[in-house]
Amino acid sequence: MEEKSAKTDWEPRIVGFVCNWCTYAGADLAGTSRLKYPPNVRLIRLPCTGAIDPLFIVKAFQSGADAVLVSGCHPNDCHYTSGNYHARRKLTVFKDLLEFTGLDPKRFWMSWISASEGQKFASFMEEIVTETKKLGPLKGYNN
Amino acid sequence: MEDIINIARELIKRDDIEAIIGYEKGRAPFQTVPFFARTPEDCDKLIMNSLCVNNLVSYINQFSGKVAIFVKPCDAKALVGLLQEHQIEREKLHIIGINCQGALNPKKLRNAIKGRMVKDWSINGDKIKVYYESGEEEFNIKDFLLDKCPACDTRTPPIYDELLGDEIKTADLPELLARVKELEKLPAAEKQQYWNEHFERCLRCYACVKICPLCYCERCFVENASPQWIDKSNNLKSNKAFHLIRAYHLAGRCIDCGECDRACPMDIPLRELNLKMRKSVEEHFNYVPGKDIDVPPPLSTFKKEDPQDFIR
């Protein structure tokens with residue numbers, strides 16, 4: 001890890017868990033609209049944010065993610081009615097736990113991005129990458 | 001002691017009661033062990049004192065019929081959790097509530113006797129008397145309480161069919177979450193170091209999982225081979241993942257009986273993680289576990305107006 005951070009050409013790796021119906025479509029719109037956003041983000045498509053087990057997030061950090069994003073439909077818009085509400089509760093407490101055990105709050109992000117918000121998706125990715133670059137590589141998870 | 005034996009003897013005579021779950025004296029010094037009385041003669045072995053530390057509700061589902069169980073407030077809170085989650089049928093239980101003024105930490109007592117051979121011990125009021133091969137010594141109970149006890153606000157079980165003694169009210173307790181708040185103030189790097197040092201020592205014996213009254217999954221995520229979330233080998237990476245998810249699975253469910261802390265052979269402060277989850281759930285969703293059977297656990301429900309300050 002030390003070696004990696006010494007390299008000047010280090011690029012952060014961001015893992016995004018996104019829902020099929022809103023944020024994935026939003027990312028698609030960003031692409032088809034030819035909007036530019038950093039290529040550091042790897043999206044993993046899931047049926048719903050409600051299907052996200054906190055284990056996925058831990059696994060992502062262990063496997064070398066420097067920041068993790070969870071994104072789905074706005075409240076009231078969930079394709080499965082209430083998946084995003086459940087995700088909100090679960091991840092609220094899990095975020096608290098991650099911070100309590102020493103994770104920087106700026107390494108775990110959550111957002112509501114709808115299928116029509118390509119612009120929001122692109123600018124949010126820009127922000128996450130900028131913030132993660134400031135923090136440097138994540139330590140303490142994957143050694 | 002007479003009362004509990006009399007109560008048990010009356011209960012076991014009933015046709016519908018298969019067994020009585022309580023404690024008997026163990027063989028090691030200051031040890032009590034869970035005991036299942038099935039006959040009136042068995043009942044004479046039952047004891048109840050402040051060294052009866054095990055949470056007994058984990059044993060209920062080993063019986064198919066109706067059981068009577070002695071519960072301290074901690075056990076009763078775990079019962080509330082299990083009843084909320086439909087893991088136990090209320091009709092199959094006869095609950096005998098026991099008031100509690102704090103339980104003793106057997107580890108602390110064993111350290112205090114400095115390796116001398118203990119012949120016997122007895123508890124009288126707020127004193128514990130230890131009989132050595134030669135001579136005896138008396139200790140104050142309040143110096144040997146388990147960490148969870150001083151700040152505990154439940155001295156009478158929240159649920160029972162019959163209660164031994166009168167309800168106890170509490171006042172002027174030290175703050176339960178003081179330690180959690182202290183840890184929260186540390187900078188992120190120090191928090192990480194503090195926890196990684198503890199996680200690194202973990203043997204992954206899973207004693208914390210086995211003893212937890214609310215960890216009842218028949219197949220735990222740590223046993224899963226496809227996908228394998230946790231390495232079989234012992235390393236910081238997997239230990240950390242295990243501890244994070246263990247604590248998260250107890251969010252809004254852990255009733256702070258502190259059994260994980262007591263069972264841990266490496267003295268990892270598991271309660272601090274559990275209490276952090278308790279604080280989080282109380283702050284965000286205004287919920288305290290182990291109080292009310294009719295309220296759904298907070299992570300199995302939601303409100304549209306739940307807080308979402310951190311969501312963009």
# chains A, B, ... in the order shown; residues from 1 in each chain; ligands from 1
>>> select_by_dssp(residues="segment 119-184 of chain B", states="helix (DSSP H, G or I)", output="JSON, numbers by chain")
{"B": [141, 142, 143, 144, 178, 179, 180, 181, 182, 183, 184]}
>>> write_last_selection(atoms="N, CA, C and O atoms", output="PDB file, in the first residue's frame")
ATOM      1  N   ILE B 141     -19.500  -7.512  46.599  1.00  0.00           N
ATOM      2  CA  ILE B 141     -20.026  -7.831  45.275  1.00  0.00           C
ATOM      3  C   ILE B 141     -19.868  -6.667  44.298  1.00  0.00           C
ATOM      4  O   ILE B 141     -19.512  -6.841  43.152  1.00  0.00           O
ATOM      5  N   LYS B 142     -20.071  -5.458  44.799  1.00  0.00           N
ATOM      6  CA  LYS B 142     -20.099  -4.345  43.851  1.00  0.00           C
ATOM      7  C   LYS B 142     -18.734  -4.056  43.200  1.00  0.00           C
ATOM      8  O   LYS B 142     -18.659  -3.366  42.191  1.00  0.00           O
ATOM      9  N   ASP B 143     -17.656  -4.616  43.732  1.00  0.00           N
ATOM     10  CA  ASP B 143     -16.345  -4.450  43.105  1.00  0.00           C
ATOM     11  C   ASP B 143     -16.127  -5.434  41.956  1.00  0.00           C
ATOM     12  O   ASP B 143     -15.130  -5.342  41.249  1.00  0.00           O
ATOM     13  N   PHE B 144     -17.025  -6.387  41.806  1.00  0.00           N
ATOM     14  CA  PHE B 144     -16.787  -7.453  40.818  1.00  0.00           C
ATOM     15  C   PHE B 144     -17.908  -7.569  39.787  1.00  0.00           C
ATOM     16  O   PHE B 144     -18.073  -8.589  39.155  1.00  0.00           O
ATOM     17  N   ALA B 178     -21.419   6.141  27.618  1.00  0.00           N
ATOM     18  CA  ALA B 178     -20.277   7.029  27.855  1.00  0.00           C
ATOM     19  C   ALA B 178     -19.050   6.587  27.073  1.00  0.00           C
ATOM     20  O   ALA B 178     -18.382   7.394  26.417  1.00  0.00           O
ATOM     21  N   ARG B 179     -18.757   5.299  27.113  1.00  0.00           N
ATOM     22  CA  ARG B 179     -17.564   4.778  26.443  1.00  0.00           C
ATOM     23  C   ARG B 179     -17.665   4.945  24.923  1.00  0.00           C
ATOM     24  O   ARG B 179     -16.692   5.291  24.252  1.00  0.00           O
ATOM     25  N   VAL B 180     -18.861   4.689  24.379  1.00  0.00           N
ATOM     26  CA  VAL B 180     -19.056   4.841  22.938  1.00  0.00           C
ATOM     27  C   VAL B 180     -18.791   6.288  22.522  1.00  0.00           C
ATOM     28  O   VAL B 180     -18.108   6.564  21.529  1.00  0.00           O
ATOM     29  N   LYS B 181     -19.311   7.234  23.332  1.00  0.00           N
ATOM     30  CA  LYS B 181     -19.138   8.647  22.998  1.00  0.00           C
ATOM     31  C   LYS B 181     -17.664   9.046  23.055  1.00  0.00           C
ATOM     32  O   LYS B 181     -17.189   9.842  22.242  1.00  0.00           O
ATOM     33  N   GLU B 182     -16.966   8.457  23.998  1.00  0.00           N
ATOM     34  CA  GLU B 182     -15.530   8.713  24.127  1.00  0.00           C
ATOM     35  C   GLU B 182     -14.791   8.254  22.859  1.00  0.00           C
ATOM     36  O   GLU B 182     -13.968   8.980  22.319  1.00  0.00           O
ATOM     37  N   LEU B 183     -15.130   7.044  22.415  1.00  0.00           N
ATOM     38  CA  LEU B 183     -14.479   6.497  21.219  1.00  0.00           C
ATOM     39  C   LEU B 183     -14.824   7.295  19.967  1.00  0.00           C
ATOM     40  O   LEU B 183     -13.998   7.474  19.084  1.00  0.00           O
ATOM     41  N   GLU B 184     -16.066   7.788  19.922  1.00  0.00           N
ATOM     42  CA  GLU B 184     -16.506   8.537  18.744  1.00  0.00           C
ATOM     43  C   GLU B 184     -15.672   9.793  18.544  1.00  0.00           C
ATOM     44  O   GLU B 184     -15.514  10.278  17.432  1.00  0.00           O
TER      45      GLU B 184
END
>>> residues_around(residues="Glu2 of chain B", least_positions_apart="4", cutoff="9 Å", atoms="only C-alpha atoms", output="PyMOL selection string")
chain B and resi 6-7+44
>>> closest_residue(among="B:Tyr59, B:Tyr23, B:Phe36, B:Trp195", to="Pro213 of chain B", atoms="only C-alpha atoms")
B:Tyr59
>>> residues_around(residues="Lys59 of chain A", least_positions_apart="4", cutoff="12 Å", atoms="only C-alpha atoms", output="PyMOL selection string")
(chain A and resi 15+17+52-55+63-68+141-142) or (chain B and resi 227-231+237-238+240-242+244-245)
>>> interface_residues(of="chain A", to="chain B", cutoff="9 Å", atoms="only C-alpha atoms", output="compact mmCIF listing (two decimals) with all heavy atoms, in the first residue's frame")
# COMPACT_ATOMS: atom_id res chain seq x y z
N PRO A 54 -24.79 -5.13 3.37
CA PRO A 54 -23.57 -4.43 3.77
C PRO A 54 -22.30 -5.24 3.53
O PRO A 54 -21.22 -4.68 3.41
CB PRO A 54 -23.79 -4.15 5.24
CG PRO A 54 -25.26 -4.03 5.37
CD PRO A 54 -25.83 -5.02 4.41
N LEU A 55 -22.44 -6.56 3.43
CA LEU A 55 -21.30 -7.40 3.10
C LEU A 55 -20.67 -6.99 1.77
O LEU A 55 -19.46 -7.05 1.60
CB LEU A 55 -21.73 -8.86 2.99
CG LEU A 55 -21.53 -9.77 4.19
CD1 LEU A 55 -22.25 -11.07 3.99
CD2 LEU A 55 -20.07 -10.03 4.45
N PHE A 56 -21.52 -6.57 0.80
CA PHE A 56 -21.01 -6.15 -0.50
C PHE A 56 -20.04 -4.98 -0.32
O PHE A 56 -19.01 -4.89 -0.99
CB PHE A 56 -22.14 -5.68 -1.44
CG PHE A 56 -23.20 -6.71 -1.73
CD1 PHE A 56 -24.31 -6.36 -2.49
CD2 PHE A 56 -23.09 -8.02 -1.29
CE1 PHE A 56 -25.30 -7.28 -2.78
CE2 PHE A 56 -24.08 -8.94 -1.57
CZ PHE A 56 -25.19 -8.57 -2.31
N VAL A 58 -18.34 -4.08 2.42
CA VAL A 58 -17.10 -4.52 3.06
C VAL A 58 -16.22 -5.22 2.03
O VAL A 58 -15.01 -4.98 1.94
CB VAL A 58 -17.40 -5.46 4.25
CG1 VAL A 58 -16.12 -5.99 4.84
CG2 VAL A 58 -18.21 -4.74 5.31
N LYS A 59 -16.83 -6.08 1.24
CA LYS A 59 -16.10 -6.83 0.22
C LYS A 59 -15.43 -5.87 -0.77
O LYS A 59 -14.29 -6.09 -1.18
CB LYS A 59 -17.06 -7.78 -0.51
CG LYS A 59 -16.38 -8.84 -1.34
CD LYS A 59 -15.89 -9.98 -0.47
CE LYS A 59 -15.21 -11.06 -1.28
NZ LYS A 59 -14.59 -12.05 -0.38
N GLN A 62 -12.44 -4.35 0.86
CA GLN A 62 -11.39 -5.37 0.97
C GLN A 62 -10.70 -5.61 -0.36
O GLN A 62 -9.52 -5.88 -0.42
CB GLN A 62 -11.99 -6.71 1.39
CG GLN A 62 -12.36 -6.82 2.82
CD GLN A 62 -12.89 -8.21 3.12
OE1 GLN A 62 -13.17 -8.99 2.22
NE2 GLN A 62 -13.04 -8.51 4.39
N SER A 71 -26.41 3.87 -4.84
CA SER A 71 -27.35 4.83 -5.40
C SER A 71 -28.56 4.13 -5.99
O SER A 71 -28.45 3.06 -6.57
CB SER A 71 -26.65 5.67 -6.47
OG SER A 71 -27.53 6.65 -6.93
N PRO A 75 -36.92 8.43 -2.97
CA PRO A 75 -38.04 7.93 -2.16
C PRO A 75 -39.35 8.09 -2.94
O PRO A 75 -39.51 9.07 -3.66
CB PRO A 75 -38.02 8.83 -0.93
CG PRO A 75 -36.60 9.29 -0.81
CD PRO A 75 -36.07 9.37 -2.20
N ASN A 76 -40.22 7.12 -2.79
CA ASN A 76 -41.50 7.06 -3.50
C ASN A 76 -41.40 6.53 -4.92
O ASN A 76 -42.41 6.26 -5.54
CB ASN A 76 -42.20 8.44 -3.57
CG ASN A 76 -43.09 8.65 -2.37
OD1 ASN A 76 -43.58 7.68 -1.80
ND2 ASN A 76 -43.28 9.89 -1.98
N SER A 82 -40.74 -0.30 -1.87
CA SER A 82 -40.13 0.15 -0.62
C SER A 82 -38.67 -0.25 -0.44
O SER A 82 -38.11 -0.04 0.62
CB SER A 82 -40.94 -0.38 0.57
OG SER A 82 -40.94 -1.79 0.52
N TYR A 85 -36.39 2.50 0.81
CA TYR A 85 -36.62 2.90 2.22
C TYR A 85 -35.88 1.95 3.17
O TYR A 85 -35.30 2.36 4.16
CB TYR A 85 -38.11 2.88 2.56
CG TYR A 85 -38.92 3.97 1.91
CD1 TYR A 85 -39.98 3.67 1.08
CD2 TYR A 85 -38.62 5.31 2.15
CE1 TYR A 85 -40.74 4.68 0.49
CE2 TYR A 85 -39.36 6.33 1.56
CZ TYR A 85 -40.42 6.01 0.73
OH TYR A 85 -41.16 6.99 0.16
N HIS A 86 -35.95 0.66 2.84
CA HIS A 86 -35.24 -0.32 3.68
C HIS A 86 -33.73 -0.10 3.60
O HIS A 86 -33.03 -0.14 4.60
CB HIS A 86 -35.61 -1.75 3.26
CG HIS A 86 -36.96 -2.18 3.71
ND1 HIS A 86 -37.24 -2.46 5.03
CD2 HIS A 86 -38.13 -2.35 3.04
CE1 HIS A 86 -38.51 -2.80 5.14
NE2 HIS A 86 -39.08 -2.74 3.95
N ARG A 88 -32.22 2.62 3.00
CA ARG A 88 -31.89 3.85 3.73
C ARG A 88 -31.68 3.55 5.21
O ARG A 88 -30.71 3.98 5.81
CB ARG A 88 -33.02 4.86 3.53
CG ARG A 88 -32.74 6.21 4.12
CD ARG A 88 -33.77 7.22 3.68
NE ARG A 88 -35.09 6.90 4.20
CZ ARG A 88 -36.19 7.61 3.91
NH1 ARG A 88 -36.09 8.64 3.08
NH2 ARG A 88 -37.35 7.28 4.41
N ARG A 89 -32.60 2.77 5.81
CA ARG A 89 -32.44 2.43 7.22
C ARG A 89 -31.18 1.61 7.46
O ARG A 89 -30.39 1.89 8.36
CB ARG A 89 -33.66 1.64 7.72
CG ARG A 89 -34.82 2.51 8.06
CD ARG A 89 -35.60 1.96 9.24
NE ARG A 89 -36.45 3.02 9.78
CZ ARG A 89 -37.19 2.91 10.87
NH1 ARG A 89 -37.21 1.79 11.53
NH2 ARG A 89 -37.91 3.92 11.30
N LYS A 90 -31.02 0.55 6.64
CA LYS A 90 -29.89 -0.35 6.85
C LYS A 90 -28.57 0.38 6.72
O LYS A 90 -27.66 0.23 7.53
CB LYS A 90 -29.93 -1.50 5.81
CG LYS A 90 -31.11 -2.43 5.97
CD LYS A 90 -30.91 -3.74 5.24
CE LYS A 90 -30.91 -3.62 3.74
NZ LYS A 90 -30.99 -4.90 3.03
N THR A 92 -27.98 3.58 6.89
CA THR A 92 -27.76 4.64 7.88
C THR A 92 -26.99 4.08 9.07
O THR A 92 -26.00 4.67 9.51
CB THR A 92 -29.12 5.21 8.37
OG1 THR A 92 -29.82 5.72 7.25
CG2 THR A 92 -28.92 6.31 9.39
N VAL A 93 -27.42 2.92 9.59
CA VAL A 93 -26.71 2.37 10.75
C VAL A 93 -25.37 1.78 10.33
O VAL A 93 -24.39 1.88 11.06
CB VAL A 93 -27.54 1.32 11.54
CG1 VAL A 93 -28.74 1.94 12.18
CG2 VAL A 93 -27.92 0.14 10.70
N PHE A 94 -25.30 1.21 9.12
CA PHE A 94 -24.03 0.61 8.71
C PHE A 94 -22.97 1.68 8.48
O PHE A 94 -21.80 1.49 8.80
CB PHE A 94 -24.21 -0.25 7.46
CG PHE A 94 -23.02 -1.12 7.19
CD1 PHE A 94 -22.66 -2.11 8.09
CD2 PHE A 94 -22.22 -0.94 6.07
CE1 PHE A 94 -21.54 -2.90 7.88
CE2 PHE A 94 -21.10 -1.72 5.85
CZ PHE A 94 -20.76 -2.71 6.76
N ASP A 96 -22.79 4.44 10.13
CA ASP A 96 -22.35 4.79 11.49
C ASP A 96 -21.29 3.81 11.99
O ASP A 96 -20.31 4.20 12.61
CB ASP A 96 -23.54 4.77 12.46
CG ASP A 96 -24.32 6.06 12.42
OD1 ASP A 96 -23.92 6.96 11.66
OD2 ASP A 96 -25.32 6.18 13.16
N LEU A 97 -21.52 2.53 11.71
CA LEU A 97 -20.59 1.49 12.17
C LEU A 97 -19.23 1.63 11.47
O LEU A 97 -18.18 1.54 12.09
CB LEU A 97 -21.18 0.11 11.91
CG LEU A 97 -20.34 -1.09 12.39
CD1 LEU A 97 -20.18 -1.06 13.89
CD2 LEU A 97 -20.97 -2.40 11.96
N LEU A 98 -19.27 1.88 10.16
CA LEU A 98 -18.02 2.04 9.40
C LEU A 98 -17.22 3.22 9.94
O LEU A 98 -16.01 3.14 10.12
CB LEU A 98 -18.33 2.26 7.91
CG LEU A 98 -18.83 1.05 7.14
CD1 LEU A 98 -19.19 1.44 5.71
CD2 LEU A 98 -17.80 -0.07 7.11
N GLU A 99 -17.93 4.31 10.24
CA GLU A 99 -17.23 5.49 10.76
C GLU A 99 -16.70 5.24 12.17
O GLU A 99 -15.62 5.69 12.52
CB GLU A 99 -18.15 6.71 10.74
CG GLU A 99 -18.30 7.25 9.34
CD GLU A 99 -19.40 8.29 9.21
OE1 GLU A 99 -19.71 8.96 10.22
OE2 GLU A 99 -19.94 8.43 8.10
N PHE A 100 -17.47 4.49 12.94
CA PHE A 100 -17.05 4.18 14.32
C PHE A 100 -15.78 3.34 14.33
O PHE A 100 -14.97 3.43 15.24
CB PHE A 100 -18.19 3.42 15.02
CG PHE A 100 -17.96 3.19 16.49
CD1 PHE A 100 -17.89 4.26 17.37
CD2 PHE A 100 -17.84 1.91 17.00
CE1 PHE A 100 -17.69 4.06 18.73
CE2 PHE A 100 -17.65 1.69 18.35
CZ PHE A 100 -17.58 2.77 19.22
N THR A 101 -15.60 2.51 13.29
CA THR A 101 -14.41 1.67 13.24
C THR A 101 -13.30 2.32 12.40
O THR A 101 -12.34 1.67 12.03
CB THR A 101 -14.73 0.27 12.69
OG1 THR A 101 -15.47 0.42 11.48
CG2 THR A 101 -15.54 -0.54 13.67
N GLY A 102 -13.48 3.60 12.09
CA GLY A 102 -12.35 4.35 11.54
C GLY A 102 -12.37 4.64 10.06
O GLY A 102 -11.36 5.09 9.51
N LEU A 103 -13.48 4.41 9.38
CA LEU A 103 -13.54 4.75 7.96
C LEU A 103 -13.86 6.25 7.82
O LEU A 103 -14.73 6.76 8.53
CB LEU A 103 -14.61 3.93 7.23
CG LEU A 103 -14.60 4.12 5.72
CD1 LEU A 103 -13.57 3.20 5.09
CD2 LEU A 103 -15.96 3.86 5.11
N ASP A 104 -13.15 6.91 6.92
CA ASP A 104 -13.45 8.32 6.69
C ASP A 104 -14.86 8.44 6.09
O ASP A 104 -15.20 7.71 5.15
CB ASP A 104 -12.43 8.91 5.72
CG ASP A 104 -12.51 10.42 5.67
OD1 ASP A 104 -13.52 10.94 5.16
OD2 ASP A 104 -11.57 11.06 6.15
N PRO A 105 -15.69 9.36 6.63
CA PRO A 105 -17.08 9.46 6.11
C PRO A 105 -17.13 9.75 4.61
O PRO A 105 -18.12 9.44 3.96
CB PRO A 105 -17.69 10.62 6.90
CG PRO A 105 -16.65 11.09 7.84
CD PRO A 105 -15.44 10.23 7.76
N TRP A 109 -20.57 6.80 0.13
CA TRP A 109 -21.54 7.77 -0.39
C TRP A 109 -22.85 7.07 -0.71
O TRP A 109 -22.87 5.91 -1.10
CB TRP A 109 -21.01 8.41 -1.68
CG TRP A 109 -19.71 9.10 -1.53
CD1 TRP A 109 -18.48 8.51 -1.52
CD2 TRP A 109 -19.48 10.51 -1.39
NE1 TRP A 109 -17.51 9.48 -1.38
CE2 TRP A 109 -18.09 10.70 -1.30
CE3 TRP A 109 -20.33 11.63 -1.34
CZ2 TRP A 109 -17.52 11.96 -1.16
CZ3 TRP A 109 -19.76 12.89 -1.21
CH2 TRP A 109 -18.36 13.04 -1.11
N MET A 110 -23.91 7.84 -0.54
CA MET A 110 -25.20 7.30 -0.95
C MET A 110 -25.97 8.42 -1.63
O MET A 110 -25.87 9.60 -1.22
CB MET A 110 -25.95 6.79 0.27
CG MET A 110 -27.15 5.94 -0.10
SD MET A 110 -27.79 5.05 1.32
CE MET A 110 -29.30 4.42 0.61
N SER A 111 -26.70 8.08 -2.67
CA SER A 111 -27.47 9.12 -3.37
C SER A 111 -28.72 8.54 -4.01
O SER A 111 -28.84 7.32 -4.17
CB SER A 111 -26.60 9.77 -4.45
OG SER A 111 -26.29 8.81 -5.44
N TRP A 112 -29.63 9.43 -4.30
CA TRP A 112 -30.81 9.06 -5.10
C TRP A 112 -30.62 9.73 -6.45
O TRP A 112 -30.57 10.94 -6.55
CB TRP A 112 -32.10 9.58 -4.47
CG TRP A 112 -32.39 9.22 -3.03
CD1 TRP A 112 -32.83 10.09 -2.07
CD2 TRP A 112 -32.35 7.93 -2.40
NE1 TRP A 112 -33.03 9.42 -0.89
CE2 TRP A 112 -32.75 8.11 -1.07
CE3 TRP A 112 -32.00 6.65 -2.84
CZ2 TRP A 112 -32.81 7.06 -0.16
CZ3 TRP A 112 -32.06 5.61 -1.93
CH2 TRP A 112 -32.47 5.82 -0.62
N ILE A 113 -30.48 8.92 -7.49
CA ILE A 113 -30.32 9.48 -8.84
C ILE A 113 -31.31 8.77 -9.76
O ILE A 113 -31.27 7.55 -9.91
CB ILE A 113 -28.88 9.30 -9.35
CG1 ILE A 113 -27.92 10.14 -8.50
CG2 ILE A 113 -28.76 9.69 -10.83
CD1 ILE A 113 -26.45 9.92 -8.79
N PHE A 124 -21.87 14.09 -9.85
CA PHE A 124 -21.66 13.42 -8.56
C PHE A 124 -20.42 12.53 -8.63
O PHE A 124 -19.61 12.50 -7.71
CB PHE A 124 -22.91 12.62 -8.18
CG PHE A 124 -22.91 12.14 -6.75
CD1 PHE A 124 -22.52 12.98 -5.72
CD2 PHE A 124 -23.32 10.85 -6.44
CE1 PHE A 124 -22.53 12.54 -4.39
CE2 PHE A 124 -23.32 10.40 -5.12
CZ PHE A 124 -22.92 11.25 -4.10
N GLY A 140 -6.03 -0.22 5.72
CA GLY A 140 -6.63 -0.87 6.89
C GLY A 140 -7.74 -1.85 6.57
O GLY A 140 -8.36 -2.40 7.46
N TYR A 141 -8.05 -2.07 5.28
CA TYR A 141 -9.10 -3.02 4.94
C TYR A 141 -8.59 -4.25 4.23
O TYR A 141 -9.08 -5.34 4.39
CB TYR A 141 -10.18 -2.35 4.07
CG TYR A 141 -11.28 -1.76 4.90
CD1 TYR A 141 -11.13 -0.51 5.47
CD2 TYR A 141 -12.44 -2.47 5.16
CE1 TYR A 141 -12.11 0.03 6.27
CE2 TYR A 141 -13.44 -1.93 5.94
CZ TYR A 141 -13.27 -0.69 6.50
OH TYR A 141 -14.25 -0.17 7.29
N ASN A 142 -7.57 -4.04 3.37
CA ASN A 142 -7.22 -5.16 2.49
C ASN A 142 -5.82 -5.71 2.73
O ASN A 142 -5.19 -6.24 1.84
CB ASN A 142 -7.40 -4.76 1.02
CG ASN A 142 -6.72 -3.43 0.73
OD1 ASN A 142 -6.17 -2.82 1.65
ND2 ASN A 142 -6.76 -2.99 -0.49
N ASN A 143 -5.32 -5.53 3.96
CA ASN A 143 -4.01 -6.15 4.21
C ASN A 143 -4.20 -7.36 5.11
O ASN A 143 -5.24 -7.57 5.68
CB ASN A 143 -3.04 -5.17 4.85
CG ASN A 143 -3.71 -4.33 5.91
OD1 ASN A 143 -4.87 -4.54 6.21
ND2 ASN A 143 -3.02 -3.39 6.46
>>> select_by_dssp(residues="chain A", states="strand (DSSP E or B)", output="list of chain:residue names")
A:Ile14, A:Val15, A:Gly16, A:Phe17, A:Val18, A:Cys19, A:Val41, A:Arg42, A:Leu43, A:Ile44, A:Arg45, A:Leu46, A:Ala67, A:Val68, A:Leu69, A:Val70, A:Ser71, A:Gly72, A:Phe108, A:Trp109, A:Met110, A:Ser111, A:Trp112
>>> write_last_selection(atoms="N, CA and C atoms", output="compact mmCIF listing (two decimals), in the first residue's frame")
# COMPACT_ATOMS: atom_id res chain seq x y z
N ILE A 14 -13.35 3.48 -7.53
CA ILE A 14 -14.64 3.67 -6.87
C ILE A 14 -15.57 2.54 -7.32
N VAL A 15 -16.24 1.90 -6.36
CA VAL A 15 -17.23 0.90 -6.71
C VAL A 15 -18.62 1.47 -6.43
N GLY A 16 -19.47 1.42 -7.43
CA GLY A 16 -20.83 1.93 -7.25
C GLY A 16 -21.85 0.81 -7.34
N PHE A 17 -22.62 0.63 -6.27
CA PHE A 17 -23.72 -0.33 -6.32
C PHE A 17 -24.97 0.45 -6.68
N VAL A 18 -25.50 0.19 -7.86
CA VAL A 18 -26.62 1.01 -8.32
C VAL A 18 -27.82 0.15 -8.67
N CYS A 19 -28.99 0.75 -8.57
CA CYS A 19 -30.19 -0.02 -8.87
C CYS A 19 -30.47 0.02 -10.36
N VAL A 41 -14.96 5.04 -11.89
CA VAL A 41 -16.11 4.41 -11.25
C VAL A 41 -16.48 3.10 -11.92
N ARG A 42 -16.55 2.04 -11.13
CA ARG A 42 -17.02 0.74 -11.65
C ARG A 42 -18.42 0.52 -11.09
N LEU A 43 -19.38 0.43 -11.98
CA LEU A 43 -20.76 0.25 -11.51
C LEU A 43 -21.12 -1.22 -11.45
N ILE A 44 -21.82 -1.58 -10.38
CA ILE A 44 -22.35 -2.94 -10.26
C ILE A 44 -23.86 -2.80 -10.19
N ARG A 45 -24.51 -3.42 -11.15
CA ARG A 45 -25.96 -3.25 -11.25
C ARG A 45 -26.69 -4.30 -10.42
N LEU A 46 -27.59 -3.83 -9.59
CA LEU A 46 -28.41 -4.72 -8.77
C LEU A 46 -29.86 -4.41 -9.03
N ALA A 67 -13.36 4.08 -2.42
CA ALA A 67 -14.63 4.64 -1.95
C ALA A 67 -15.76 3.81 -2.55
N VAL A 68 -16.88 3.80 -1.85
CA VAL A 68 -18.03 3.02 -2.32
C VAL A 68 -19.24 3.95 -2.41
N LEU A 69 -20.00 3.75 -3.46
CA LEU A 69 -21.22 4.52 -3.65
C LEU A 69 -22.41 3.56 -3.73
N VAL A 70 -23.48 3.95 -3.08
CA VAL A 70 -24.74 3.21 -3.24
C VAL A 70 -25.75 4.21 -3.76
N SER A 71 -26.41 3.87 -4.84
CA SER A 71 -27.35 4.83 -5.40
C SER A 71 -28.56 4.13 -5.99
N GLY A 72 -29.71 4.76 -5.81
CA GLY A 72 -30.94 4.15 -6.31
C GLY A 72 -32.02 5.19 -6.55
N PHE A 108 -17.70 6.63 1.93
CA PHE A 108 -18.96 5.92 1.68
C PHE A 108 -20.04 6.93 1.32
N TRP A 109 -20.57 6.80 0.13
CA TRP A 109 -21.54 7.77 -0.39
C TRP A 109 -22.85 7.07 -0.71
N MET A 110 -23.91 7.84 -0.54
CA MET A 110 -25.20 7.30 -0.95
C MET A 110 -25.97 8.42 -1.63
N SER A 111 -26.70 8.08 -2.67
CA SER A 111 -27.47 9.12 -3.37
C SER A 111 -28.72 8.54 -4.01
N TRP A 112 -29.63 9.43 -4.30
CA TRP A 112 -30.81 9.06 -5.10
C TRP A 112 -30.62 9.73 -6.45
>>> closest_residue(among="A:Ile57, A:Ala30, A:Cys48, A:Leu135", to="Lys106 of chain A", atoms="only C-alpha atoms")
A:Leu135
>>> residues_around(residues="segment 74-80 of chain B", least_positions_apart="4", cutoff="10 Å", atoms="only C-alpha atoms", output="PyMOL selection string")
chain B and resi 53-58+60+69-70+84-88+90+95-98+100+149+152+154-160+212-214+253-259+289-294
>>> closest_residue(among="B:Met266, B:Leu250, B:Ile47, B:Val67", to="Asp15 of chain B", atoms="only C-alpha atoms")
B:Val67
>>> closest_residue(among="B:Lys72, B:His94, B:Arg246, B:Lys45", to="Leu270 of chain B", atoms="only C-alpha atoms")
B:Arg246
>>> residues_around(residues="Asp28 of chain A", least_positions_apart="6", cutoff="10 Å", atoms="only C-alpha atoms", output="list in words")
Cys22, Arg34, Ala115, Ser116, Glu117, Gly118 and Phe121 of chain A
>>> residues_around(residues="Phe35 of chain B", least_positions_apart="3", cutoff="7 Å", atoms="only C-alpha atoms", output="JSON list (two decimals) with N, CA, C and O atoms, in the first residue's frame")
[["chain", "number", "residue", "atom", "x", "y", "z"],
["B", 21, "ILE", "N", -35.86, -24.53, 33.09],
["B", 21, "ILE", "CA", -34.51, -24.08, 32.76],
["B", 21, "ILE", "C", -34.02, -23.11, 33.83],
["B", 21, "ILE", "O", -34.68, -22.10, 34.11],
["B", 22, "GLY", "N", -32.92, -23.48, 34.46],
["B", 22, "GLY", "CA", -32.36, -22.63, 35.51],
["B", 22, "GLY", "C", -30.86, -22.84, 35.58],
["B", 22, "GLY", "O", -30.22, -23.15, 34.59],
["B", 23, "TYR", "N", -30.31, -22.67, 36.79],
["B", 23, "TYR", "CA", -28.86, -22.83, 36.96],
["B", 23, "TYR", "C", -28.56, -23.83, 38.07],
["B", 23, "TYR", "O", -29.34, -23.97, 39.01],
["B", 24, "GLU", "N", -27.41, -24.50, 37.94],
["B", 24, "GLU", "CA", -26.88, -25.25, 39.07],
["B", 24, "GLU", "C", -25.44, -24.83, 39.29],
["B", 24, "GLU", "O", -24.83, -24.17, 38.43]]
